[in-house]
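> Input file: input37.cif. Contents: mmCIF, C-alpha atoms.
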data_coords
#
loop_
_atom_site.label_atom_id
_atom_site.label_comp_id
_atom_site.auth_asym_id
_atom_site.auth_seq_id
_atom_site.Cartn_x
_atom_site.Cartn_y
_atom_site.Cartn_z
CA MET A 1 42.68 -1.31 16.93
CA GLN A 2 39.52 -1.49 19.00
CA HIS A 3 37.06 1.35 19.38
CA ALA A 4 35.08 2.28 22.44
CA PRO A 5 31.32 1.63 22.40
CA ALA A 6 29.26 4.46 20.91
CA ALA A 7 27.74 5.48 24.23
CA GLU A 8 31.18 6.22 25.73
CA LEU A 9 32.47 8.38 22.88
CA GLN A 10 33.32 11.99 23.69
CA THR A 11 32.77 13.97 20.50
CA THR A 12 31.92 17.58 19.69
CA THR A 13 28.32 16.56 18.93
CA GLY A 14 28.01 14.03 21.75
CA MET A 15 27.25 11.25 19.27
CA ASP A 16 29.29 8.86 17.16
CA HIS A 17 30.37 10.72 14.03
CA ARG A 18 30.55 7.55 11.95
CA LYS A 19 26.88 6.96 12.70
CA LEU A 20 26.05 10.57 11.91
CA LEU A 21 27.80 10.27 8.54
CA MET A 22 26.02 6.99 7.80
CA TRP A 23 22.64 8.67 8.38
CA LEU A 24 23.67 11.58 6.17
CA PHE A 25 24.69 9.10 3.46
CA LEU A 26 21.36 7.25 3.78
CA GLY A 27 19.48 10.54 3.52
CA SER A 28 21.26 11.25 0.23
CA GLU A 29 20.55 7.70 -0.95
CA CYS A 30 16.81 8.41 -0.54
CA LEU A 31 17.14 11.02 -3.28
CA PHE A 32 19.22 8.69 -5.45
CA PHE A 33 16.62 5.91 -5.39
CA GLY A 34 13.75 8.43 -5.40
CA SER A 35 14.94 9.81 -8.72
CA LEU A 36 15.35 6.32 -10.22
CA ILE A 37 11.85 5.28 -9.10
CA ALA A 38 10.31 8.52 -10.40
CA THR A 39 12.03 8.00 -13.76
CA TYR A 40 10.71 4.43 -13.96
CA LEU A 41 7.14 5.52 -13.21
CA LEU A 42 7.36 8.30 -15.76
CA TYR A 43 8.64 6.18 -18.64
CA ARG A 44 6.67 3.02 -17.84
CA ASN A 45 3.51 4.81 -18.99
CA LYS A 46 5.24 6.11 -22.11
CA THR A 47 6.31 2.57 -23.10
CA GLU A 48 2.73 1.35 -22.92
CA GLU A 49 1.62 4.20 -25.15
CA ILE A 50 4.29 3.52 -27.76
CA GLY A 51 3.77 -0.26 -27.69
CA ILE A 52 7.31 -1.49 -28.39
CA GLY A 53 8.38 -4.70 -26.63
CA PRO A 54 6.98 -6.25 -23.46
CA ILE A 55 5.27 -4.17 -20.76
CA PRO A 56 5.27 -4.80 -16.97
CA SER A 57 2.04 -6.82 -16.91
CA ASP A 58 3.49 -9.22 -19.53
CA LEU A 59 6.52 -10.07 -17.42
CA TYR A 60 6.05 -9.61 -13.68
CA ASP A 61 5.74 -12.80 -11.64
CA ILE A 62 4.20 -11.44 -8.44
CA PRO A 63 4.30 -14.68 -6.37
CA PHE A 64 8.02 -15.11 -7.16
CA THR A 65 8.90 -11.50 -6.34
CA SER A 66 6.80 -11.70 -3.16
CA VAL A 67 8.99 -14.57 -1.95
CA SER A 68 12.14 -12.56 -2.81
CA SER A 69 10.75 -9.58 -0.90
CA PHE A 70 9.97 -11.78 2.07
CA VAL A 71 13.54 -13.16 2.02
CA LEU A 72 15.02 -9.64 2.07
CA LEU A 73 12.62 -8.59 4.83
CA MET A 74 13.68 -11.56 6.95
CA SER A 75 17.34 -10.66 6.36
CA SER A 76 16.59 -7.40 8.17
CA VAL A 77 15.41 -9.44 11.16
CA THR A 78 18.59 -11.57 11.18
CA MET A 79 20.69 -8.39 10.82
CA VAL A 80 19.16 -6.76 13.86
CA LEU A 81 19.53 -10.05 15.77
CA ALA A 82 23.27 -10.01 14.89
CA LEU A 83 23.53 -6.53 16.40
CA ALA A 84 21.63 -7.64 19.52
CA ALA A 85 23.96 -10.67 19.81
CA ILE A 86 27.21 -8.66 19.61
CA GLN A 87 25.84 -6.08 22.02
CA ARG A 88 25.28 -8.75 24.65
CA GLY A 89 28.66 -10.44 24.01
CA ASP A 90 27.31 -13.56 22.26
CA ARG A 91 30.03 -14.52 19.76
CA ARG A 92 28.32 -17.59 18.31
CA GLY A 93 25.04 -15.72 17.91
CA THR A 94 26.82 -12.83 16.15
CA GLN A 95 28.54 -15.19 13.71
CA ALA A 96 25.36 -17.15 13.02
CA TRP A 97 23.13 -14.13 12.39
CA LEU A 98 25.74 -12.30 10.29
CA LEU A 99 26.15 -15.35 8.09
CA ALA A 100 22.39 -15.89 7.91
CA THR A 101 21.92 -12.26 6.81
CA ALA A 102 24.60 -12.57 4.11
CA LEU A 103 23.10 -15.82 2.83
CA LEU A 104 19.57 -14.42 2.75
CA GLY A 105 20.98 -11.48 0.79
CA MET A 106 22.62 -13.90 -1.62
CA SER A 107 19.31 -15.77 -2.03
CA PHE A 108 17.66 -12.46 -2.90
CA LEU A 109 20.39 -11.79 -5.49
CA ALA A 110 19.89 -15.28 -6.91
CA GLY A 111 16.20 -14.48 -7.32
CA GLN A 112 17.05 -11.22 -9.05
CA ALA A 113 19.48 -12.97 -11.43
CA PHE A 114 16.72 -15.49 -12.25
CA GLU A 115 14.20 -12.70 -12.83
CA PHE A 116 16.56 -10.71 -15.09
CA THR A 117 17.34 -13.82 -17.15
CA GLU A 118 13.67 -14.69 -17.56
CA PHE A 119 12.81 -11.15 -18.63
CA TYR A 120 15.67 -11.17 -21.14
CA ARG A 121 14.47 -14.47 -22.59
CA GLN A 122 11.00 -12.97 -22.98
CA GLY A 123 12.41 -10.09 -25.01
CA LEU A 124 13.18 -7.34 -22.52
CA SER A 125 16.74 -6.06 -22.66
CA LEU A 126 18.28 -2.81 -21.48
CA ASP A 127 17.57 -1.12 -24.83
CA THR A 128 14.27 -2.76 -25.86
CA ASN A 129 12.13 0.11 -24.60
CA LEU A 130 11.99 2.75 -21.86
CA PHE A 131 10.43 0.26 -19.44
CA GLY A 132 13.42 -2.08 -19.90
CA THR A 133 15.98 0.68 -19.48
CA THR A 134 14.45 2.19 -16.35
CA PHE A 135 13.54 -1.19 -14.81
CA TYR A 136 17.02 -2.71 -15.17
CA VAL A 137 18.77 0.47 -14.04
CA LEU A 138 16.58 0.82 -10.94
CA THR A 139 16.58 -2.82 -9.81
CA GLY A 140 20.19 -3.26 -10.96
CA PHE A 141 21.38 -0.42 -8.73
CA HIS A 142 19.40 -1.90 -5.85
CA GLY A 143 21.00 -5.31 -6.52
CA ALA A 144 24.44 -3.64 -6.55
CA HIS A 145 23.70 -2.19 -3.11
CA VAL A 146 22.67 -5.64 -1.84
CA SER A 147 25.86 -7.16 -3.32
CA ILE A 148 28.05 -4.60 -1.53
CA GLY A 149 26.15 -5.30 1.69
CA VAL A 150 26.70 -9.06 1.32
CA LEU A 151 30.46 -8.53 0.83
CA ILE A 152 30.68 -6.34 3.95
CA LEU A 153 28.62 -8.85 5.98
CA LEU A 154 30.90 -11.70 4.93
CA SER A 155 33.92 -9.54 5.88
CA LEU A 156 32.41 -8.92 9.32
CA PHE A 157 31.78 -12.66 9.68
CA VAL A 158 35.47 -13.42 8.92
CA MET A 159 36.49 -10.66 11.36
CA THR A 160 34.55 -12.39 14.15
CA LEU A 161 36.38 -15.65 13.35
CA ARG A 162 39.75 -13.89 13.54
CA GLY A 163 38.88 -12.04 16.74
CA ARG A 164 38.98 -8.62 15.08
CA LEU A 165 35.32 -7.87 15.69
CA THR A 166 34.24 -7.87 19.34
CA PRO A 167 31.51 -6.20 21.44
CA ALA A 168 33.92 -3.27 21.98
CA ASN A 169 33.57 -2.34 18.30
CA SER A 170 29.93 -3.36 17.86
CA ILE A 171 29.42 0.02 16.17
CA ASN A 172 30.74 -1.61 12.97
CA VAL A 173 27.82 -4.06 13.01
CA GLU A 174 25.43 -1.22 13.80
CA LEU A 175 26.65 0.82 10.81
CA ILE A 176 26.38 -2.00 8.28
CA GLY A 177 23.03 -2.82 9.91
CA LEU A 178 21.77 0.68 9.10
CA TYR A 179 22.92 0.28 5.50
CA TRP A 180 21.29 -3.15 5.22
CA HIS A 181 17.95 -1.98 6.66
CA PHE A 182 18.01 0.96 4.25
CA VAL A 183 18.44 -1.43 1.32
CA ASP A 184 15.44 -3.31 2.71
CA VAL A 185 13.21 -0.22 3.03
CA VAL A 186 14.11 0.79 -0.53
CA TRP A 187 12.94 -2.62 -1.69
CA ILE A 188 9.70 -2.20 0.30
CA VAL A 189 9.01 0.89 -1.82
CA ILE A 190 10.16 -0.74 -5.08
CA PHE A 191 8.04 -3.84 -4.48
CA THR A 192 4.91 -1.76 -3.92
CA LEU A 193 5.35 0.97 -6.53
CA ILE A 194 7.03 -1.05 -9.30
CA TYR A 195 5.55 -4.52 -8.97
CA LEU A 196 2.17 -4.22 -7.24
CA VAL A 197 0.97 -0.84 -8.53
CA GLN A 198 0.62 -1.44 -12.28
CA THR A 199 -1.37 0.48 -14.78
CA MET B 1 14.48 -46.52 -16.99
CA VAL B 2 16.15 -43.13 -17.23
CA ASP B 3 17.22 -42.13 -20.72
CA LEU B 4 20.84 -40.94 -20.42
CA ALA B 5 20.58 -38.76 -23.54
CA LEU B 6 17.60 -36.92 -22.03
CA VAL B 7 19.53 -36.32 -18.80
CA VAL B 8 22.53 -34.93 -20.73
CA LEU B 9 20.25 -32.73 -22.84
CA SER B 10 18.42 -31.34 -19.83
CA LEU B 11 21.77 -30.70 -18.08
CA THR B 12 23.06 -28.82 -21.13
CA ASP B 13 19.86 -26.78 -21.22
CA TRP B 14 20.23 -26.10 -17.48
CA LEU B 15 23.80 -24.86 -17.90
CA GLU B 16 22.70 -22.45 -20.62
CA ASN B 17 20.58 -20.54 -18.14
CA PRO B 18 22.85 -18.27 -16.06
CA ALA B 19 20.06 -17.86 -13.53
CA TYR B 20 20.42 -21.48 -12.51
CA VAL B 21 24.23 -21.43 -12.75
CA LEU B 22 24.31 -18.50 -10.34
CA GLY B 23 21.16 -19.22 -8.36
CA VAL B 24 21.67 -22.85 -7.43
CA PRO B 25 25.10 -22.34 -5.77
CA LEU B 26 23.62 -19.42 -3.82
CA VAL B 27 20.73 -21.58 -2.62
CA VAL B 28 23.23 -24.32 -1.65
CA LEU B 29 25.18 -21.70 0.33
CA GLY B 30 21.91 -20.70 1.98
CA VAL B 31 21.32 -24.31 3.09
CA ILE B 32 24.90 -24.48 4.44
CA GLY B 33 24.26 -21.25 6.35
CA LEU B 34 21.03 -22.66 7.79
CA LEU B 35 22.88 -25.80 8.94
CA PHE B 36 25.55 -23.59 10.51
CA VAL B 37 22.95 -21.55 12.37
CA LEU B 38 21.25 -24.68 13.68
CA ALA B 39 24.45 -26.67 14.43
CA PRO B 40 25.75 -26.77 18.01
CA ALA B 41 29.41 -26.42 16.88
CA GLU B 42 31.28 -23.13 17.23
CA ILE B 43 33.56 -22.03 14.40
CA THR B 44 36.73 -20.08 15.26
CA TRP B 45 39.86 -19.18 13.34
CA SER B 46 42.29 -22.10 13.70
CA LEU B 47 45.55 -21.42 15.52
CA PRO B 48 48.51 -23.80 15.89
CA PRO B 49 48.43 -25.38 19.38
CA GLY B 50 50.72 -23.88 22.02
CA PRO B 51 50.94 -21.05 24.57
CA ALA B 52 50.36 -18.38 21.91
CA ALA B 53 47.09 -20.04 20.88
CA ASP B 54 45.99 -20.35 24.52
CA ALA B 55 46.75 -16.67 25.10
CA ALA B 56 44.84 -15.71 21.92
CA ARG B 57 41.88 -17.81 23.05
CA ALA B 58 41.95 -16.19 26.50
CA ARG B 59 42.02 -12.73 24.90
CA MET B 60 39.09 -13.70 22.68
CA ASP B 61 37.05 -14.97 25.66
CA ALA B 62 37.80 -11.79 27.60
CA ALA B 63 36.79 -9.63 24.62
CA TRP B 64 33.49 -11.53 24.32
CA ALA B 65 32.50 -11.30 27.98
CA PRO B 66 28.73 -10.63 28.37
CA THR B 67 27.88 -6.93 28.04
CA ASP B 68 24.74 -4.83 28.26
CA ILE B 69 25.41 -2.32 25.44
CA ALA B 70 21.92 -2.91 23.99
CA ALA B 71 20.21 -2.22 27.32
CA HIS B 72 22.48 0.79 27.88
CA GLU B 73 21.41 2.26 24.52
CA GLY B 74 17.75 1.43 25.18
CA HIS B 75 17.41 -0.96 22.23
CA PRO B 76 14.58 -3.55 22.05
CA SER B 77 15.09 -7.20 23.03
CA PRO B 78 15.56 -10.03 20.46
CA SER B 79 12.00 -11.27 21.10
CA GLN B 80 10.65 -7.81 20.23
CA TYR B 81 12.69 -7.83 17.01
CA ILE B 82 11.25 -11.23 16.07
CA ALA B 83 7.71 -10.01 16.84
CA ILE B 84 8.23 -7.03 14.50
CA GLY B 85 9.65 -9.38 11.86
CA LEU B 86 6.46 -11.46 12.06
CA ILE B 87 4.31 -8.33 11.70
CA LEU B 88 6.35 -7.33 8.61
CA GLY B 89 5.81 -10.79 7.12
CA VAL B 90 2.04 -10.60 7.74
CA VAL B 91 1.82 -7.10 6.19
CA THR B 92 3.71 -8.32 3.09
CA ALA B 93 1.30 -11.26 2.78
CA ALA B 94 -1.61 -8.82 3.13
CA GLU B 95 -0.16 -6.65 0.33
CA VAL B 96 0.05 -9.60 -2.04
CA ALA B 97 -3.43 -10.82 -1.04
CA VAL B 98 -4.95 -7.38 -1.68
CA TYR B 99 -3.31 -7.34 -5.12
CA TYR B 100 -5.32 -10.42 -6.14
CA VAL B 101 -8.73 -9.26 -4.80
CA ASP B 102 -10.66 -7.83 -7.76
CA ALA B 103 -13.24 -6.16 -5.52
CA LEU B 104 -10.51 -3.92 -4.04
CA GLU B 105 -9.17 -2.79 -7.41
CA GLY B 106 -10.46 0.77 -6.99
CA ALA B 107 -8.83 1.19 -3.60
CA LEU B 108 -5.70 -0.84 -4.42
CA LEU B 109 -3.31 2.11 -4.69
CA GLY B 110 -4.39 3.60 -1.36
CA ILE B 111 -4.30 0.30 0.52
CA LEU B 112 -0.87 -0.64 -0.87
CA MET B 113 0.57 2.78 -0.05
CA VAL B 114 -0.66 2.54 3.56
CA LEU B 115 0.68 -1.02 4.02
CA SER B 116 4.02 -0.11 2.43
CA ALA B 117 4.35 2.98 4.65
CA MET B 118 3.63 0.79 7.71
CA LYS B 119 6.50 -1.54 6.77
CA PHE B 120 8.82 1.37 6.04
CA ILE B 121 8.11 3.01 9.41
CA LEU B 122 8.42 -0.26 11.36
CA VAL B 123 11.87 -1.00 9.89
CA ALA B 124 13.13 2.59 10.26
CA ALA B 125 11.80 3.10 13.78
CA TRP B 126 12.60 -0.28 15.34
CA PHE B 127 15.33 -2.01 13.32
CA MET B 128 17.22 1.22 12.51
CA HIS B 129 16.56 2.45 16.07
CA LEU B 130 15.29 5.89 15.02
CA ARG B 131 12.73 5.58 17.83
CA PHE B 132 15.48 5.25 20.41
CA ASP B 133 18.46 7.19 18.98
CA ASN B 134 19.34 10.88 18.78
CA ARG B 135 16.65 12.96 17.03
CA LEU B 136 19.24 14.41 14.65
CA PHE B 137 19.46 11.01 12.91
CA SER B 138 15.67 11.07 12.37
CA ILE B 139 15.86 14.61 10.99
CA LEU B 140 18.62 13.70 8.51
CA PHE B 141 16.81 10.62 7.25
CA THR B 142 13.35 12.19 7.18
CA SER B 143 14.78 15.14 5.20
CA GLY B 144 16.00 12.69 2.55
CA VAL B 145 12.64 10.90 2.42
CA VAL B 146 10.63 14.14 2.23
CA LEU B 147 12.87 15.51 -0.54
CA ALA B 148 12.50 12.23 -2.46
CA VAL B 149 8.69 12.40 -2.15
CA LEU B 150 8.72 16.03 -3.31
CA LEU B 151 10.88 15.00 -6.26
CA PHE B 152 8.29 12.32 -7.10
CA ILE B 153 5.42 14.78 -7.00
CA VAL B 154 7.22 17.43 -9.05
CA VAL B 155 8.49 15.02 -11.72
CA LEU B 156 5.26 13.06 -12.13
CA SER B 157 2.97 16.09 -12.13
CA THR B 158 5.18 18.26 -14.35
CA LEU B 159 5.68 15.55 -16.95
CA GLY B 160 2.11 14.32 -16.88
CA ALA B 161 2.44 10.88 -15.30
CA SER B 162 0.68 9.34 -12.30
CA LEU B 163 0.82 6.28 -10.07
CA ALA B 164 -2.66 5.09 -10.96
#
What is this structure when it is put down as structure tokens?

Amino acid sequence: MQHAPAAELQTTTGMDHRKLLMWLFLGSECLFFGSLIATYLLYRNKTEEIGIGPIPSDLYDIPFTSVSSFVLLMSSVTMVLALAAIQRGDRRGTQAWLLATALLGMSFLAGQAFEFTEFYRQGLSLDTNLFGTTFYVLTGFHGAHVSIGVLILLSLFVMTLRGRLTPANSINVELIGLYWHFVDVVWIVIFTLIYLVQT
Amino acid sequence: MVDLALVVLSLTDWLENPAYVLGVPLVVLGVIGLLFVLAPAEITWSLPPGPAADAARARMDAAWAPTDIAAHEGHPSPSQYIAIGLILGVVTAAEVAVYYVDALEGALLGILMVLSAMKFILVAAWFMHLRFDNRLFSILFTSGVVLAVLLFIVVLSTLGASLA
């Protein structure tokens, strides 16, 4: 079933309710990640006081994480280009940019898997100290969000191949786009507060 | 002359690291995706030849006729999106550069917070279209951000921690 474009929808609020709900969800996600980041910052200092296991400055590889951050940032550009392509009726452009976004997301996840493995090899596990617990929980939840986004993007890509995603239901691309950009802005905050601002 | 034993040993060592086992296929997929983006060929779902396939193709072409939804909703053009992407890349590079300048150590926190906020606002306003969409969306999202910042302040100040 195809939906009408957002601008033509007649709803009680005059706007697309799916989009409204997505924004409400993203607003609640701010609190979810806000609490995880606050917990990390709180316990990171405690770990350094206690002195058990590695601390952030022992492990972080800033050049590597900078490249990962750049990859995720560029995936936001390809995502918005996918939306622009479907909104002007460019099928090939939509497919290309959706796939590019999913693959950039997968590259980011590969970087995160590499980082987690390296940290584990250097002695930081989930239960080594409070830094390990809060770091893995925070970045792990972010990685889970990216993974879900990648799966949805790949689904949208297959839908374009099968003719089930067309400009008439471009709202679907817009909604996953909002989710994807949110995952990106969360990483912007994580990269600054967790990696660059160290005690 | 390549020592075969050394090659086998290094391969075994390589397979023991899950980061490479997971990471390398993902990078290969990335290269495939790049080739797909750059290739002139168009990929469509294959249908057996015949009138049904022709009709499906005609329906597909009709569904993908050029539209102006983006212009109708007042969204930016692709070139504007790319320009913003470049700005985001430059700001990220500036963040990393500042991190390595010892002379800026005292002001590091302030500079990083400003640069990070710039990136956050650029993505939210332009890529998420908050600048162009209904104000209610901005209110919902900003409420979440403000509450998260308040949570930060309350937790860190109450429990005696700080960013610096």
> Expressed in Å to a single decimal, how great is the separation between atom CA of Leu156 of chain A and atom CA of Gln87 of chain A?
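Calculated distance between atom CA of Leu156 of chain A and atom CA of Gln87 of chain A is 14.6 Å.
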> Identify, on the basis of only C-alpha atoms, every residue whose closest approach to segment 127-134 of chain A does not exceed 6 Å; exclude the query and any residue fewer than 3 positions from it along the same chain; express the result as a list in words.
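Selected residues are Tyr40, Tyr43, Arg44, Thr47, Leu124, Val137 and Leu138 of chain A.
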> What does the structure give for the distance between atom CA of Trp97 of chain A and atom CA of Tyr179 of chain A, in Å to one decimal?
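Interatomic distance, atom CA of Trp97 of chain A to atom CA of Tyr179 of chain A: 16.0 Å.
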> Taking (12.8, 10.6, 7.2) in the file's own coordinates, collect the residues within 12 Å, counting all atoms listed in the file, and hand them back as a short mmCIF file (atom, residue, chain, number, x, y, z; two decimals) with C-alpha atoms, in the frame of the given file.

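Contents of the output file out_8.cif:
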data_model
loop_
_atom_site.label_atom_id
_atom_site.label_comp_id
_atom_site.auth_asym_id
_atom_site.auth_seq_id
_atom_site.Cartn_x
_atom_site.Cartn_y
_atom_site.Cartn_z
CA TRP A 23 22.64 8.67 8.38
CA LEU A 24 23.67 11.58 6.17
CA LEU A 26 21.36 7.25 3.78
CA GLY A 27 19.48 10.54 3.52
CA SER A 28 21.26 11.25 0.23
CA GLU A 29 20.55 7.70 -0.95
CA CYS A 30 16.81 8.41 -0.54
CA LEU A 31 17.14 11.02 -3.28
CA PHE A 182 18.01 0.96 4.25
CA VAL A 185 13.21 -0.22 3.03
CA ALA B 117 4.35 2.98 4.65
CA PHE B 120 8.82 1.37 6.04
CA ILE B 121 8.11 3.01 9.41
CA VAL B 123 11.87 -1.00 9.89
CA ALA B 124 13.13 2.59 10.26
CA ALA B 125 11.80 3.10 13.78
CA MET B 128 17.22 1.22 12.51
CA LEU B 130 15.29 5.89 15.02
CA ARG B 131 12.73 5.58 17.83
CA ARG B 135 16.65 12.96 17.03
CA LEU B 136 19.24 14.41 14.65
CA PHE B 137 19.46 11.01 12.91
CA SER B 138 15.67 11.07 12.37
CA ILE B 139 15.86 14.61 10.99
CA LEU B 140 18.62 13.70 8.51
CA PHE B 141 16.81 10.62 7.25
CA THR B 142 13.35 12.19 7.18
CA SER B 143 14.78 15.14 5.20
CA GLY B 144 16.00 12.69 2.55
CA VAL B 145 12.64 10.90 2.42
CA VAL B 146 10.63 14.14 2.23
CA LEU B 147 12.87 15.51 -0.54
CA ALA B 148 12.50 12.23 -2.46
CA VAL B 149 8.69 12.40 -2.15
#
> Skip Leu109 of chain B itself and residues of its chain fewer than 3 positions away, then list as a ChimeraX atom specification all residues within 9 Å of it, counting all atoms listed in the file.
/A:193,196-197 /B:105-106,112-114,163-164
> Once 5 Å is added on each side, what centre and edge lengths in Å to one decimal does the axis-aligned box around all listed atoms of segment 58-62 of chain A have, as AutoDock Vina command-line options?

--center_x 5.0 --center_y -11.0 --center_z -14.0 --size_x 13.0 --size_y 13.6 --size_z 21.1
> Quick one: residues within 10 Å of Asp68 of chain B, all atoms listed in the file counted, chain neighbours fewer than 3 positions away excluded, as a list in words?
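Those residues are Ala84, Ile86, Gln87, Arg88, Gly89 and Pro167 of chain A; Ala71, His72, Glu73 and Gly74 of chain B.
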> So, with all atoms listed in the file as the atoms that count, which of B:Leu122, B:Leu156, B:Ala53, B:Val98 lies closest to chain A?
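Ranking B:Leu122, B:Leu156, B:Ala53, B:Val98 by distance to chain A, first place goes to B:Leu156.
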> Run the PyMOL selection byres ((chain A and resi 171-174) around 8) against the file shown and list the residues it catches, as a list in words.
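After applying the PyMOL selection byres ((chain A and resi 171-174) around 8), what remains is Pro5, Ala6, Ala82, Leu83, Leu156, Asn169, Ser170, Leu175, Ile176, Gly177 and Leu178 of chain A.
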> Please dump the current selection as a compact mmCIF listing (two decimals), in the coordinates of the input; keep C-alpha atoms.

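In the end it all went to result_15.txt:
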# COMPACT_ATOMS: atom_id res chain seq x y z
CA PRO A 5 31.32 1.63 22.40
CA ALA A 6 29.26 4.46 20.91
CA ALA A 82 23.27 -10.01 14.89
CA LEU A 83 23.53 -6.53 16.40
CA LEU A 156 32.41 -8.92 9.32
CA ASN A 169 33.57 -2.34 18.30
CA SER A 170 29.93 -3.36 17.86
CA LEU A 175 26.65 0.82 10.81
CA ILE A 176 26.38 -2.00 8.28
CA GLY A 177 23.03 -2.82 9.91
CA LEU A 178 21.77 0.68 9.10
> Of the residues A:Ala110, A:Ala102, A:Ala96, A:Leu41, which is the one nearest to Phe64 of chain A, using all atoms listed in the file?
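Between A:Ala110, A:Ala102, A:Ala96, A:Leu41, the residue approaching Phe64 of chain A most closely is A:Ala110.
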> Rounded to one decimal place, report the atom CA of Thr117 of chain A-atom CA of Asp58 of chain A distance in Å.
14.8 Å
> Run the PyMOL selection byres ((chain B and resi 76) around 10) on the file and write out the hits as a ChimeraX atom specification.
/A:80,84 /B:70-71,73-75,77-81,126-127,129,132
> Evaluate the PyMOL selection byres ((chain A and resi 145-153) around 7) against this structure - the residues, as a PDB file with C-alpha atoms, in the frame of the given file, please.

ATOM      1  CA  LEU A  98      25.740 -12.300  10.290  1.00  0.00           C
ATOM      2  CA  ALA A 102      24.600 -12.570   4.110  1.00  0.00           C
ATOM      3  CA  GLY A 105      20.980 -11.480   0.790  1.00  0.00           C
ATOM      4  CA  MET A 106      22.620 -13.900  -1.620  1.00  0.00           C
ATOM      5  CA  PHE A 141      21.380  -0.420  -8.730  1.00  0.00           C
ATOM      6  CA  HIS A 142      19.400  -1.900  -5.850  1.00  0.00           C
ATOM      7  CA  GLY A 143      21.000  -5.310  -6.520  1.00  0.00           C
ATOM      8  CA  ALA A 144      24.440  -3.640  -6.550  1.00  0.00           C
ATOM      9  CA  LEU A 154      30.900 -11.700   4.930  1.00  0.00           C
ATOM     10  CA  SER A 155      33.920  -9.540   5.880  1.00  0.00           C
ATOM     11  CA  LEU A 156      32.410  -8.920   9.320  1.00  0.00           C
ATOM     12  CA  PHE A 157      31.780 -12.660   9.680  1.00  0.00           C
ATOM     13  CA  TRP A 180      21.290  -3.150   5.220  1.00  0.00           C
ATOM     14  CA  VAL A 183      18.440  -1.430   1.320  1.00  0.00           C
TER      15      VAL A 183
END
> List every protein, DNA or RNA residue that has at least one atom no more than 8 Å from (21.1, -13.9, 2.3) in the file's coordinates, counting only C-alpha atoms, and write the result as JSON, numbers by chain.
{"A": [71, 72, 75, 99, 100, 101, 102, 103, 104, 105, 106, 107, 108, 150], "B": [30]}
> Please produce an output containing C-alpha atoms for each residue in the selection, written as a JSON list (two decimals), keeping the file's coordinate frame.

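Just written: result28.json:
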[["chain", "number", "residue", "atom", "x", "y", "z"],
["A", 71, "VAL", "CA", 13.54, -13.16, 2.02],
["A", 72, "LEU", "CA", 15.02, -9.64, 2.07],
["A", 75, "SER", "CA", 17.34, -10.66, 6.36],
["A", 99, "LEU", "CA", 26.15, -15.35, 8.09],
["A", 100, "ALA", "CA", 22.39, -15.89, 7.91],
["A", 101, "THR", "CA", 21.92, -12.26, 6.81],
["A", 102, "ALA", "CA", 24.60, -12.57, 4.11],
["A", 103, "LEU", "CA", 23.10, -15.82, 2.83],
["A", 104, "LEU", "CA", 19.57, -14.42, 2.75],
["A", 105, "GLY", "CA", 20.98, -11.48, 0.79],
["A", 106, "MET", "CA", 22.62, -13.90, -1.62],
["A", 107, "SER", "CA", 19.31, -15.77, -2.03],
["A", 108, "PHE", "CA", 17.66, -12.46, -2.90],
["A", 150, "VAL", "CA", 26.70, -9.06, 1.32],
["B", 30, "GLY", "CA", 21.91, -20.70, 1.98]]
> Compile the contact shell of Gly85 of chain B as a PyMOL selection string: residues with an atom at most 6 Å away, counting all atoms listed in the file, same-chain residues fewer than 3 positions apart removed.
(chain A and resi 77) or (chain B and resi 82+88)
> Measuring between all atoms listed in the file, which one of B:Ala93, B:Ala55, B:Ala103, B:Leu6 shows the shortest distance to chain A?
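Of the candidates, the smallest distance to chain A is held by B:Ala93.
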> Go through A:Pro56, A:Ile62, A:Gly34, A:Tyr136 and flag the residue nearest Leu150 of chain B, using all atoms listed in the file for the distances.
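Among the listed residues, the smallest separation from Leu150 of chain B belongs to A:Gly34.
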> With all atoms listed in the file as the basis for distance, which of B:Trp64, B:Ala83, B:Arg57, B:Ile153 is at the shortest distance from Thr94 of chain A?
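For Thr94 of chain A, the nearest of the candidates is B:Trp64.
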> I'd like to know which of A:Ser35, A:Phe135, A:His17, A:Ser125 is closest to chain B, using all atoms listed in the file.
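Of A:Ser35, A:Phe135, A:His17, A:Ser125, the one nearest chain B is A:Ser35, counting all atoms listed in the file.
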